[in-house]
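These notes concern the structure reproduced below.
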Amino acid sequence: MIIDGKKFAQKLRNKVKQEIQSVKRKTGLTPGLTVILVGNNTPSEIYVKNKELSAQEVGINSKVLRFKSTISEAKLTSVIHKLNKDKKVHGILVQLPLPNHINGSKIIEEIDPNKDVDGFHAINVGNLSSGKDALVPCTPLGCYLMIKNVRKNLSGLNAFIIGRSNLNGKPMAQLLLKEDCTVTIGHSKTKNLKELCKKADIVVAAVGRANLVKGDWIKKGAIVIDVGINRVEKKGGYKIVGDVDFKSVVKKVKAITPVPGGVGPVTIACLLSNTLKAFKTIHHFKK
């Protein structure tokens, strides 16, 4: 089974859209998302445009605030404080990376945790790790939802996560621990990555090394989620590949995400879902 991220994302967007329409009919209120973009980073511009279009599709009031790369940390902090107080804004997202003179971690901590739709604020991180309700980072949330769509009961399964970043690896581990998986995290210093990977029922590769995971790394019938996005040169240009060597792995697995067209579209759909969740929390909607 090749997991079609585009179709999965469309289903999630449709669900969010229906709920937003219902909320609008009942209350007259509309969820609002504001994205802050600093500088002229081309990949960031593309991501932000995709987020803006997707938000509009589901009925979220979406706004992008663009600033020159020379903006000061104090000025950016002031902008965030203003958005925190704006009752029409329910989600705030600061597009990373930021220029070197701005402390990204410090900026994230200035966002109201209830509006932190990226799930990066320390309070959301702490709530997730404590098993409490939280806004979860969009990429691991998308991975989790796709895994659950393949197999509802994950209890007792061995999960191996390659990558220990705060954005992907660590929150992914917390989500799978909550499902009673036995979770192992591998990283650049792990000595026996291949042997650990071969034991896993679930593999999430998020390390940023092109085609690292080969077919002989994978247990037959495993679920493989490839978060990697790597540029590999080829004649006349380049192609995008994941952390998993798709051709050698695909015939062995129960399910796998392709690159591109796997995790990426679902990540954006989860941002919309998080915005709706933030809106409901702020307006005290009953679950």
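By convention in this document, the chains of the structure tokens carry letters A, B, ... by their order, each chain's residues are numbered from 1, and ligands are numbered from 1 in the order they are shown.
Residue neighbourhood of Leu135 in chain A, excluding near-sequence residues (fewer than 4 positions): A:Pro113, A:Asn114, A:Lys115, A:Asp116, A:Val117, A:Asp118, A:Gly119, A:Phe120, A:Asn124, A:Val125, A:Asn127, A:Leu128, A:Asn274, A:Lys277, A:Ala278, at 9 Å, using only C-alpha atoms.
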Go ahead and save the residues from that selection, with N, CA and C atoms, as a short mmCIF file (atom, residue, chain, number, x, y, z; two decimals), in the first residue's frame.
```
data_model
loop_
_atom_site.label_atom_id
_atom_site.label_comp_id
_atom_site.auth_asym_id
_atom_site.auth_seq_id
_atom_site.Cartn_x
_atom_site.Cartn_y
_atom_site.Cartn_z
N PRO A 113 0.46 30.26 23.79
CA PRO A 113 0.41 28.81 23.57
C PRO A 113 -0.90 28.33 22.95
N ASN A 114 -2.00 29.01 23.25
CA ASN A 114 -3.30 28.64 22.67
C ASN A 114 -3.39 28.97 21.19
N LYS A 115 -2.49 29.82 20.70
CA LYS A 115 -2.48 30.20 19.29
C LYS A 115 -1.29 29.60 18.54
N ASP A 116 -0.51 28.79 19.23
CA ASP A 116 0.73 28.21 18.68
C ASP A 116 0.39 27.00 17.80
N VAL A 117 -0.09 27.27 16.58
CA VAL A 117 -0.58 26.18 15.72
C VAL A 117 0.54 25.31 15.15
N ASP A 118 1.79 25.73 15.31
CA ASP A 118 2.92 24.88 14.93
C ASP A 118 3.26 23.89 16.05
N GLY A 119 2.76 24.14 17.27
CA GLY A 119 3.00 23.23 18.38
C GLY A 119 4.41 23.26 18.92
N PHE A 120 5.12 24.38 18.75
CA PHE A 120 6.53 24.46 19.14
C PHE A 120 6.75 25.11 20.51
N ASN A 124 3.15 23.67 24.97
CA ASN A 124 2.57 22.60 24.15
C ASN A 124 3.47 21.36 24.12
N VAL A 125 4.78 21.60 24.07
CA VAL A 125 5.74 20.48 24.11
C VAL A 125 5.59 19.71 25.42
N ASN A 127 2.96 19.68 27.50
CA ASN A 127 1.67 19.02 27.59
C ASN A 127 1.65 17.72 26.78
N LEU A 128 2.27 17.75 25.60
CA LEU A 128 2.33 16.53 24.78
C LEU A 128 3.11 15.44 25.50
N ASN A 274 -5.14 22.19 13.25
CA ASN A 274 -4.67 22.83 14.48
C ASN A 274 -5.28 24.22 14.66
N LYS A 277 -8.70 23.72 15.92
CA LYS A 277 -8.62 23.31 17.32
C LYS A 277 -8.32 24.51 18.22
N ALA A 278 -7.40 25.36 17.81
CA ALA A 278 -7.07 26.56 18.58
C ALA A 278 -8.28 27.47 18.71
#
```
### Message
For the structure I just gave you, how does DSSP split range 113-179 of chain A - specifically, which residues are helix (DSSP H, G or I)? Reply as a VMD selection string.
### Response
chain A and resid 113 to 115 122 to 129 138 to 150 169 to 178
### Task
Find the residue from A:Val213, A:Cys270, A:Ile3, A:Leu175 that sits nearest to Asn149 in chain A; use only C-alpha atoms when measuring.
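So, comparing all the options, the nearest one is A:Ile3.
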### Which residue of A:Lys198, A:Lys75, A:Val48, A:Leu272 approaches Asn14 in chain A most closely, using only C-alpha atoms
A:Leu272
#### Entry: DSSP strand (DSSP E or B) selection over range 67-270 of chain A, as number ranges by chain
A: 67, 91-94, 116, 158-162, 182-186, 202-205, 213, 223-226, 230-234, 237-241, 244, 255-256
### Query
Between A:Glu233, A:Asp180, A:Glu195, A:Glu57, which one has atoms that come closest to Lys15 in chain A, using only C-alpha atoms?
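Checking each candidate against Lys15 in chain A, we get A:Glu57 as the closest.
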### Query
Any idea what's packed within 8 Å of Gly242 in chain A, counting only C-alpha atoms, ignoring anything in its chain fewer than 3 positions away? Could you give it as a list in words?
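These residues fall inside the cut-off: Gly208, Arg209, Ala210, Asn211, Asp226, Val227, Gly228, Ile229, Asn230, Asp245, Phe246, Pro258, Val259 and Pro260 of chain A.
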